[in-house]
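Some notes on the structure that comes next.
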Amino acid sequence: MTVMDALLALEDGRTYPCRSFTGPGETSGEVVFNTSMSGYQEVLTDPSYRGQLVTMTYPLMGNYGVNAEDIESDRIQVSAFLVREYQPFYSNFRAAASLAEYLTAQNIMGVEGLDTRALTRHIRTAGAMRAVISTQDLNPESLVARANRIPTMAGQDLATGVTTRTPYYWESGKPVAIPADTPLNSNIWRHRKTKHAVAAYDFGIKYNILRSLESAGCEIVVVPAATGPDVIRAMAPGGIFLSNGPGDPEPIRYAIETIRKLLGYRPLFGICLGIQLLGLALGGATYKLKFGHRGTNQPVKNLLTGRVEITSQNHGFAVDTKSLPGNDIEITHINLNDNTLEGFRHRRLPIFAVQYHPEASPGPHDAKYLFDDFTQLMDKY
Amino acid sequence: MPKRSDLHKILIIGAGPIIIGQACEFDYSGTQACKALKEEGCKVVLLNSNPATIMTDPEMADRTYIEPVTPEAVAMIIEKERPDALLPTLGGQTGLNTAIKVARMGILEKYGVEMIGASVESIQKAEDRDLFRAAMARIGLRIPRSGIVTDLNAALAVADEIGYPLIVRPSYTLGGTGGGVAYNPEDLLEIAKAGLDASLINQVMLEESVIGWKEYELEVMRDHNDNVVIICSIENMDPMGVHTGDSITVAPAQTLSDREYQSMRDGAIAIMREIGVDTGGSNVQFAVNPKTGEMIVIEMNPRVSRSSALASKATGFPIAKIAAKLAVGYTLDEIPNDITGETLASFEPTLDYCVVKIPRWTFEKFPETKDYLTTSMKSVGETMAIGRTFKEAMQKGLRSLEIGRFGFGSDGKDLSLEADPSRPGESGLTLAEIEQKLSIPNSQRIFFLRYALLKGMSIESIYELSHIDPWFLHQLKQILDFEKQIAATPGALPAPILRQAKTLGFSDIQLAHLKGTTEDGIKKLRRNYNITPTYKLVDTCAAEFQAATPYYYSTYEIENEARLSDRKKVIILGGGPNRIGQGIEFDYCCVHASFALREEGVESIMVNSNPETVSTDYDTSDKLYFEPLTKEDVLHIVEMEKPLGVIVQFGGQTPLNLSVPLYQAGVPILGTQPESIDRAEDREHFQAMLNKLGLIQPANGTAQNVEEACTIAEKIGYPVIVRPSYVLGGRAMKIVYRRKELENFTRLAILASPEHPVLIDKFLEDALEVDVDAVSDGTVTIIAGIMEHIEAAGVHSGDSACVLPPYSIGKEMLATIAAATKAMAAELQVVGLMNVQYAIKGNRLFVLEVNPRASRTIPFVSKATGIPFAKLATKIMLGRSLRELGITREIIPAHISVKEAVLPFNRFPGVDTLLGPEMKSTGEVMGIDTAFGAAYAKAQLGAGQNLPLSGTVFISVQDADKKTALAVAALFHRMGFDIVATGGTHAFLESQGIPSSVINKVSLGRPHVVDAIKNGKIQFIINTGLGDAPRRDGYLIRRAAIQFNIPYTTTIAGAMAMGRGISALKEQRLTVKPLQEYHNS
């Protein structure tokens, strides 16, 4: 482990001294905080964190190492990982390597020795913001200036950067390539009789969504974000899934258009970015939250049952509840912390979506039932 | 679901006296519940026999019954009060067991009382291992292989199926009393026998040993609407095999990946649903195989617990308060989160710090017991520390323990690894000794981990011996590695290293030791570098929301969050971890100080490190600093807060020890000044004061060596009390009757503490002892209460039963006592509380001890008289006079209050139960009634003694007691008891015309008295032997009494009081009456 002095500079001029535990490096992005006490490997590999420097509010990271299973995509997605105290010694029966080894192998910066609580408090009051972190340039002024030159999160189409280039099957818990010359039509399904055929849009999809769909009895073809409505109709799936993904939904115009054309075609289920795109397609509006929801303890009330679910969340944008057409849309879930929208369904069409992550990973399994709701909906249509 | 409208009056059962496994955490939870229910407009009826609790303050409940926590008392209260519901989940195992018995008696049904929180069925499902095992199997969870047996033959058979080693767990007991690990059939027979005896239903479970597996706990809450949340995860550093109450524990869990944590969470939620805890908090314990990750369920407690108190303090989430609100019908999403003010209770707290809890043991009080930790809990208290890293929290925790340590070693108190010429008699620890201390868990194991690392043992080999997860071992090694770096840095420490050391939790004392300088030297250096602590908030949400409550801990980072007001403020120093001699009584006083400050419009700031207490509840004071009570940590807070002053006289010995160092550092001490405290403690000054006031004390002297000791003893005459000069709570005191004994003990005392002389006092045999509490405003002194001890002088006042008002002291003597007390208060310029211990012999009053501070008896006196003396004293310290406060004379209640001590002998096999000058009790109960007999009987029932109304009394007394024993024997004879006695006693009784039959002493061969006890032939035991007579016989009798739960007394005075109590019980049925009626009439 090479420890080097590093500096984190925010666009508003604040700087935080820290140390790199992954050797020299420099990177930039939007700095956000996550309040989950466990699940750092899932966080690191969640494509929704693309373009972000993630700080964990729990101070000790690396305790249980990393393993080959707890991944949410095929690589680390965060731009950098900011922690209070890195744990070079890990202990867990599944651990295969240390966190530093994992980050270093993928050339991702990890820093420690940061007053992560001070940083979190600052983001809480000033909002998520752009930042640069470096071991090379320790000059606060120049780093702050550079932080101000990074493009803002709002207005960027990040999904295009993380989506799969080619469609693939999700089978037995892993991606299985579809040969390049296979046409995407209704013959793509191999278990149509026994399983629900789901076309899953990848805007940065987490593996555990796919694992959850599969264990709910679905056969899944994951399609690139830009897949048009005609291709989906040609596939004739039993249901369409709209995945999570990074950043701002608004710039992803093509996806919004596609979704609008698929409304009512087959049951639609959206998660996270998926609900935002769906909201926009239904004529609603989205907005950027001050510092977002990132963690595994967010209370969500299911208005249909009156029950509270503890949920895993990771989003910086949200659907404006008031913007949704009330005649068509019924609000099904709200966040009990700030009353923001957490879920809705269409009053007539087989469409429902949630802002939070029922697939958890990391986080509680309280909302797992939504995957069964999806298959039941597909049963009905 | 909103609050239920049909619950107007709710009965809460408290936990009774402080015992091992059930400490002040149940006052904390009960107090929260009382407040929460009153807030909801419910009338609260409370039963608790423990007067030192905040919950039994008359303002906390509408009707407060200080009566024995027994099913009979509950039945009487229900009959009288007709509550709508009974909430049984806040009073620990005692509350739960009592509630179950009441339900079985049919009382609840008869009076239409609903059990809320947990039903009888769910309690039984969780508590009965057979039912629990079946329940777990239904939800696909495994518990260790096991079998339930009710006799020893079955135990052997089941053990063959399970295999050794195996764990013996009695059903329905506290903290695993009577449990243990059996490695072979011989062990099994011994442990299973004790377990069957300890079990309320005469049943033990034998189970597969998972010793060495990792141990976890989850604190879970559920509401009527089936919403379930996890409040906190806790990982035990000590793996399975050590009771969780004896384990060093850490929150949150450290070595679980999210996947494993979530499967544990799923398990806990499924358990809540299957057991059927409708509303409230529960604790679920899991074991995890470190090699495979296999998870099994160990147990579930369907009530608030010690762990839930810890979880509340660790997260800021008030489990008991929320549990009470859920019990009256609210759902989690209807209850606000007080800490943030803006969010709701239906969420899961997240931590951005690390919490370490370390148990506090008192093995030094029970030298006959081995310092081993097993599945039966031995610790008497605990401390909690918060840091941003495990290392920081661990070091803070170790210096909070009040064991003279200032971190993870390197504080000058380490045992040496090699023979050290500066410490003669120490040969240095051998590898074999270290290995043994690692493999057999014990109270010193944390320090032996250090020695093992210093000896060069690898993490792997330490793990193999201790099964402590390597993650923790690496953390400790990192501390040690940095310590080496500090030591290797030449000259004064440079700023970066000093800063790094502070972030790792090193105290200035450790750094001074490592650098060969002084604590003040390090502090100056830090000041030059501008290295001071920052304070962070415990906010339940890791800073995601702004916190409304000011609950702080220190660390060394860049941002200080302490919100400083410019109000008048006062800092109260708490008592730190509970230990024998310093318990809940002092926390009670600190809490009252806080309440009084609030009443006076002064900002109250509490500093304490004990997670079990009411004082560390987030809304007790205006501000809470959860910090170690050391000079360094306290000064940091004082320097930042700049209070009017600091209150040191309420928290017991811990803050008192800080008074001089703080005073010298320029900190204003409120109330009685440190010089006066010193004057009362220093022998010469004290003697001079007594001479000046014309008061006397027992003849005494100070010896520097054995010769001097003998000379003094010869001069003043045997027996004498011998003790080292600097002792706490009667530590290492002894009454000696002969020269030989004196020589031996003095030699040991001088060896233990060479720089301090040995104090020798004349022991006043058969003297009456009196405890006096008084309050003074510097001009006027008022007697708070005069308590007459039941046991004669020589028994530590904390272990002695006492009566208020006195029942055998004449008016004239009482006046003399009052006058002496007032004279001393004036001479010592006491401002606040004062306690004096006197002995009366031959109509002469001897002053034994004066303590110008709150005493252990203040809560009892306050409950007996209805006057909150600690509050008054606080207001006096702020400058008020007694006259202003409306206190002009001593209040002598018309009713009789008896305090009885509760002793932990059932936890410490092999320990003699004789009482002596060294305090051994963990708690106390109070009995109130209009006459002595009934009040004493209530105190005994509250302390868990069965009072026989008929049967056989065994009497064996030493010659000196024979005369006084006569009246006792006559009383029992008159009440229709049969008397059996040992030869000498029998002959004497015979000569005095009291019939008795002879029974063999143990040493005379069988069948003997212990056989009779085991056969259930004896219902009450009177056995005195305070003298130096051969003690083996008495010892065996007393242990048998403990084992078979036969009431016994070791003093004639105690026997007489017991007789009067039994007589009262025989004459009429006991009645119950709330405190509010005693004080309003």
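Every chain in the structure tokens has a letter given in the order shown (A, B, ...), and although residue numbers restart at 1 in each chain, ligands are simply numbered from 1 in the order shown.
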Distance-based interface of chain B with chain A, 7 Å, counting only C-alpha atoms, as a PyMOL selection string = chain B and resi 225+227+254-258+262+290-293+343-344+346-348+350-353+388-389+470-471+474+542-544+557-559
Could you take the residues named above and write them with C-alpha atoms, as a PDB file, in the first residue's frame?
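Writing done, so here's result.pdb:
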ATOM      1  CA  ASN B 225     -48.695  -2.883  11.413  1.00  0.00           C
ATOM      2  CA  ASN B 227     -43.293  -2.844  10.223  1.00  0.00           C
ATOM      3  CA  GLN B 254     -17.423  -4.938  11.425  1.00  0.00           C
ATOM      4  CA  THR B 255     -16.665  -8.122   9.552  1.00  0.00           C
ATOM      5  CA  LEU B 256     -19.941  -8.922   7.795  1.00  0.00           C
ATOM      6  CA  SER B 257     -20.354  -8.156   4.140  1.00  0.00           C
ATOM      7  CA  ASP B 258     -23.697  -6.665   3.209  1.00  0.00           C
ATOM      8  CA  GLN B 262     -28.840  -8.775   5.138  1.00  0.00           C
ATOM      9  CA  PRO B 290     -15.911 -17.972  10.671  1.00  0.00           C
ATOM     10  CA  LYS B 291     -14.814 -20.562   8.130  1.00  0.00           C
ATOM     11  CA  THR B 292     -18.045 -21.128   6.231  1.00  0.00           C
ATOM     12  CA  GLY B 293     -20.277 -18.220   7.109  1.00  0.00           C
ATOM     13  CA  THR B 343     -37.670  12.456  10.293  1.00  0.00           C
ATOM     14  CA  LEU B 344     -39.629   9.521  11.735  1.00  0.00           C
ATOM     15  CA  SER B 346     -39.533   4.170  11.013  1.00  0.00           C
ATOM     16  CA  PHE B 347     -36.022   3.998   9.657  1.00  0.00           C
ATOM     17  CA  GLU B 348     -32.800   2.256  10.505  1.00  0.00           C
ATOM     18  CA  THR B 350     -26.829   4.527  10.520  1.00  0.00           C
ATOM     19  CA  LEU B 351     -23.594   5.265  12.318  1.00  0.00           C
ATOM     20  CA  ASP B 352     -20.637   7.309  11.166  1.00  0.00           C
ATOM     21  CA  TYR B 353     -18.463   6.319  14.090  1.00  0.00           C
ATOM     22  CA  ARG B 388     -14.293   7.666  14.499  1.00  0.00           C
ATOM     23  CA  THR B 389     -12.202   4.523  14.318  1.00  0.00           C
ATOM     24  CA  PRO B 470      -8.093 -11.380  13.054  1.00  0.00           C
ATOM     25  CA  TRP B 471      -9.648  -8.058  12.063  1.00  0.00           C
ATOM     26  CA  HIS B 474      -4.903  -6.343  13.432  1.00  0.00           C
ATOM     27  CA  ALA B 542     -24.692   9.937   9.744  1.00  0.00           C
ATOM     28  CA  ALA B 543     -25.212  13.664   9.140  1.00  0.00           C
ATOM     29  CA  GLU B 544     -27.838  13.182   6.440  1.00  0.00           C
ATOM     30  CA  GLU B 557     -10.586  15.837  12.886  1.00  0.00           C
ATOM     31  CA  ILE B 558     -11.042  19.131  11.096  1.00  0.00           C
ATOM     32  CA  GLU B 559     -14.574  20.113  11.993  1.00  0.00           C
TER      33      GLU B 559
END
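Residues lying within 7 Å of Pro349 in chain B, counting only C-alpha atoms and ignoring same-chain neighbours fewer than 6 positions away, are Ile231, Thr315, Thr540 and Cys541 of chain B.
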Considering only C-alpha atoms, return as a PyMOL selection string whatever protein or nucleic-acid residues lie within 10 Å of range 280-287 of chain A, sequence-local ones (same chain, fewer than 2 positions apart) excluded.
-> chain A and resi 154+248-250+253+255-263+274-278+289-290+316-325+328-329+346
Ser466 in chain B environment, 10 Å, only C-alpha atoms, sequence neighbours closer than 3 positions dropped, as a VMD selection string = chain B and resid 212 238 to 239 435 to 441 445 449 460 to 463 469 to 470
Same residues, N, CA and C atoms, saved as a PDB file, in the first residue's frame:
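Everything below was put into part.pdb:
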ATOM      1  N   GLY B 212     -16.097 -20.264  19.795  1.00  0.00           N
ATOM      2  CA  GLY B 212     -15.166 -19.804  18.770  1.00  0.00           C
ATOM      3  C   GLY B 212     -15.860 -19.260  17.532  1.00  0.00           C
ATOM      4  N   ASP B 238     -15.218 -10.813  21.605  1.00  0.00           N
ATOM      5  CA  ASP B 238     -15.030 -12.136  22.196  1.00  0.00           C
ATOM      6  C   ASP B 238     -16.025 -13.065  21.528  1.00  0.00           C
ATOM      7  N   PRO B 239     -15.550 -14.151  20.951  1.00  0.00           N
ATOM      8  CA  PRO B 239     -16.473 -15.019  20.212  1.00  0.00           C
ATOM      9  C   PRO B 239     -17.359 -15.825  21.149  1.00  0.00           C
ATOM     10  N   GLU B 435      -0.172 -17.520  26.696  1.00  0.00           N
ATOM     11  CA  GLU B 435      -1.013 -18.419  25.897  1.00  0.00           C
ATOM     12  C   GLU B 435      -2.233 -18.888  26.688  1.00  0.00           C
ATOM     13  N   GLN B 436      -2.011 -19.153  27.960  1.00  0.00           N
ATOM     14  CA  GLN B 436      -3.114 -19.617  28.795  1.00  0.00           C
ATOM     15  C   GLN B 436      -4.172 -18.519  28.930  1.00  0.00           C
ATOM     16  N   LYS B 437      -3.704 -17.276  29.085  1.00  0.00           N
ATOM     17  CA  LYS B 437      -4.644 -16.151  29.245  1.00  0.00           C
ATOM     18  C   LYS B 437      -5.382 -15.850  27.936  1.00  0.00           C
ATOM     19  N   LEU B 438      -4.794 -16.243  26.820  1.00  0.00           N
ATOM     20  CA  LEU B 438      -5.478 -16.025  25.544  1.00  0.00           C
ATOM     21  C   LEU B 438      -6.552 -17.073  25.326  1.00  0.00           C
ATOM     22  N   SER B 439      -6.241 -18.308  25.747  1.00  0.00           N
ATOM     23  CA  SER B 439      -7.165 -19.380  25.382  1.00  0.00           C
ATOM     24  C   SER B 439      -8.316 -19.504  26.376  1.00  0.00           C
ATOM     25  N   ILE B 440      -8.098 -19.133  27.633  1.00  0.00           N
ATOM     26  CA  ILE B 440      -9.210 -19.154  28.589  1.00  0.00           C
ATOM     27  C   ILE B 440      -9.655 -17.720  28.801  1.00  0.00           C
ATOM     28  N   PRO B 441     -10.836 -17.368  28.302  1.00  0.00           N
ATOM     29  CA  PRO B 441     -11.263 -15.963  28.400  1.00  0.00           C
ATOM     30  C   PRO B 441     -11.260 -15.481  29.850  1.00  0.00           C
ATOM     31  N   ARG B 445      -7.940 -10.291  29.382  1.00  0.00           N
ATOM     32  CA  ARG B 445      -7.489 -10.822  28.095  1.00  0.00           C
ATOM     33  C   ARG B 445      -7.093  -9.725  27.120  1.00  0.00           C
ATOM     34  N   LEU B 449      -3.594  -9.715  24.979  1.00  0.00           N
ATOM     35  CA  LEU B 449      -3.434  -9.659  23.523  1.00  0.00           C
ATOM     36  C   LEU B 449      -2.237  -8.762  23.204  1.00  0.00           C
ATOM     37  N   GLU B 460      -2.030 -15.116  13.539  1.00  0.00           N
ATOM     38  CA  GLU B 460      -2.630 -16.445  13.335  1.00  0.00           C
ATOM     39  C   GLU B 460      -2.590 -17.255  14.627  1.00  0.00           C
ATOM     40  N   SER B 461      -1.452 -17.237  15.309  1.00  0.00           N
ATOM     41  CA  SER B 461      -1.405 -18.068  16.508  1.00  0.00           C
ATOM     42  C   SER B 461      -2.245 -17.464  17.631  1.00  0.00           C
ATOM     43  N   ILE B 462      -2.337 -16.141  17.666  1.00  0.00           N
ATOM     44  CA  ILE B 462      -3.217 -15.530  18.673  1.00  0.00           C
ATOM     45  C   ILE B 462      -4.664 -15.903  18.366  1.00  0.00           C
ATOM     46  N   TYR B 463      -4.996 -15.901  17.081  1.00  0.00           N
ATOM     47  CA  TYR B 463      -6.349 -16.278  16.690  1.00  0.00           C
ATOM     48  C   TYR B 463      -6.651 -17.723  17.078  1.00  0.00           C
ATOM     49  N   ASP B 469     -11.541 -12.575  16.140  1.00  0.00           N
ATOM     50  CA  ASP B 469     -11.390 -12.376  14.704  1.00  0.00           C
ATOM     51  C   ASP B 469     -10.116 -11.590  14.393  1.00  0.00           C
ATOM     52  N   PRO B 470      -9.362 -12.049  13.384  1.00  0.00           N
ATOM     53  CA  PRO B 470      -8.093 -11.380  13.054  1.00  0.00           C
ATOM     54  C   PRO B 470      -8.264  -9.880  12.768  1.00  0.00           C
TER      55      PRO B 470
END
Range 288-411 of chain B: residues DSSP assigns to strand (DSSP E), reported as a PyMOL selection string = chain B and resi 288+295-301+354-360+381-387
Can you list, as a ChimeraX atom specification, every protein, DNA or RNA residue that comes within 12 Å of Pro494 in chain B when you count only C-alpha atoms, leaving out same-chain residues fewer than 2 positions away?
-> /B:485-486,489-492,496-501,522,525-526,528-529,531
All helix (DSSP H, G or I) residues (DSSP, backbone) inside range 105-235 of chain B, as a VMD selection string | chain B and resid 107 to 111 120 to 127 129 to 138 152 to 162 185 to 198
How far is it from CA of Ile468 in chain B to CA of Pro302 in chain B, in Å with one decimal?
-> 28.5 Å
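Between CA of Leu37 in chain B and CA of Pro88 in chain B the interatomic distance comes to 13.9 Å.
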Within 10 Å of Gln156 in chain A using only C-alpha atoms, minus same-chain residues under 3 positions, as number ranges by chain = A: 151-153, 159-160, 246-252
Would you mind exporting the chosen residues as a PDB file, in the first residue's frame, restricted to C-alpha atoms?
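File produced: part-v5.pdb:
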ATOM      1  CA  PRO A 151     -19.291  19.714 -16.664  1.00  0.00           C
ATOM      2  CA  THR A 152     -22.200  19.606 -14.215  1.00  0.00           C
ATOM      3  CA  MET A 153     -24.170  16.420 -13.659  1.00  0.00           C
ATOM      4  CA  ALA A 159     -26.525   6.308 -19.524  1.00  0.00           C
ATOM      5  CA  THR A 160     -25.171   6.147 -23.034  1.00  0.00           C
ATOM      6  CA  PRO A 246     -26.491   7.333 -13.530  1.00  0.00           C
ATOM      7  CA  GLY A 247     -27.276  11.019 -13.537  1.00  0.00           C
ATOM      8  CA  ASP A 248     -29.942  13.159 -15.075  1.00  0.00           C
ATOM      9  CA  PRO A 249     -32.836  11.507 -16.984  1.00  0.00           C
ATOM     10  CA  GLU A 250     -33.767  14.546 -19.046  1.00  0.00           C
ATOM     11  CA  PRO A 251     -30.911  14.470 -21.569  1.00  0.00           C
ATOM     12  CA  ILE A 252     -31.701  10.844 -22.435  1.00  0.00           C
TER      13      ILE A 252
END
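Each of A:Val222, A:Glu30, A:Val43, A:His191 was compared to Ser312 in chain A using only C-alpha atoms, and A:Val43 turns out to be the nearest.
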Within 8 Å of range 960-965 of chain B using only C-alpha atoms, minus same-chain residues under 4 positions, as a ChimeraX atom specification | /B:969,985,988,1024,1052
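Across the model, the gap from CA of Met60 in chain B to CA of Glu39 in chain B is 10.9 Å.
Among A:Gln376, A:Thr332, A:Ser73, A:Ser48, the residue with the shortest atom-to-atom distance to Gly238 in chain A, counting only C-alpha atoms, is A:Gln376.
The nearest approach to Ser855 in chain B among the residues B:Arg579, B:Ser410, B:Val380, B:Ala52, with only C-alpha atoms taken into account, belongs to B:Ala52.
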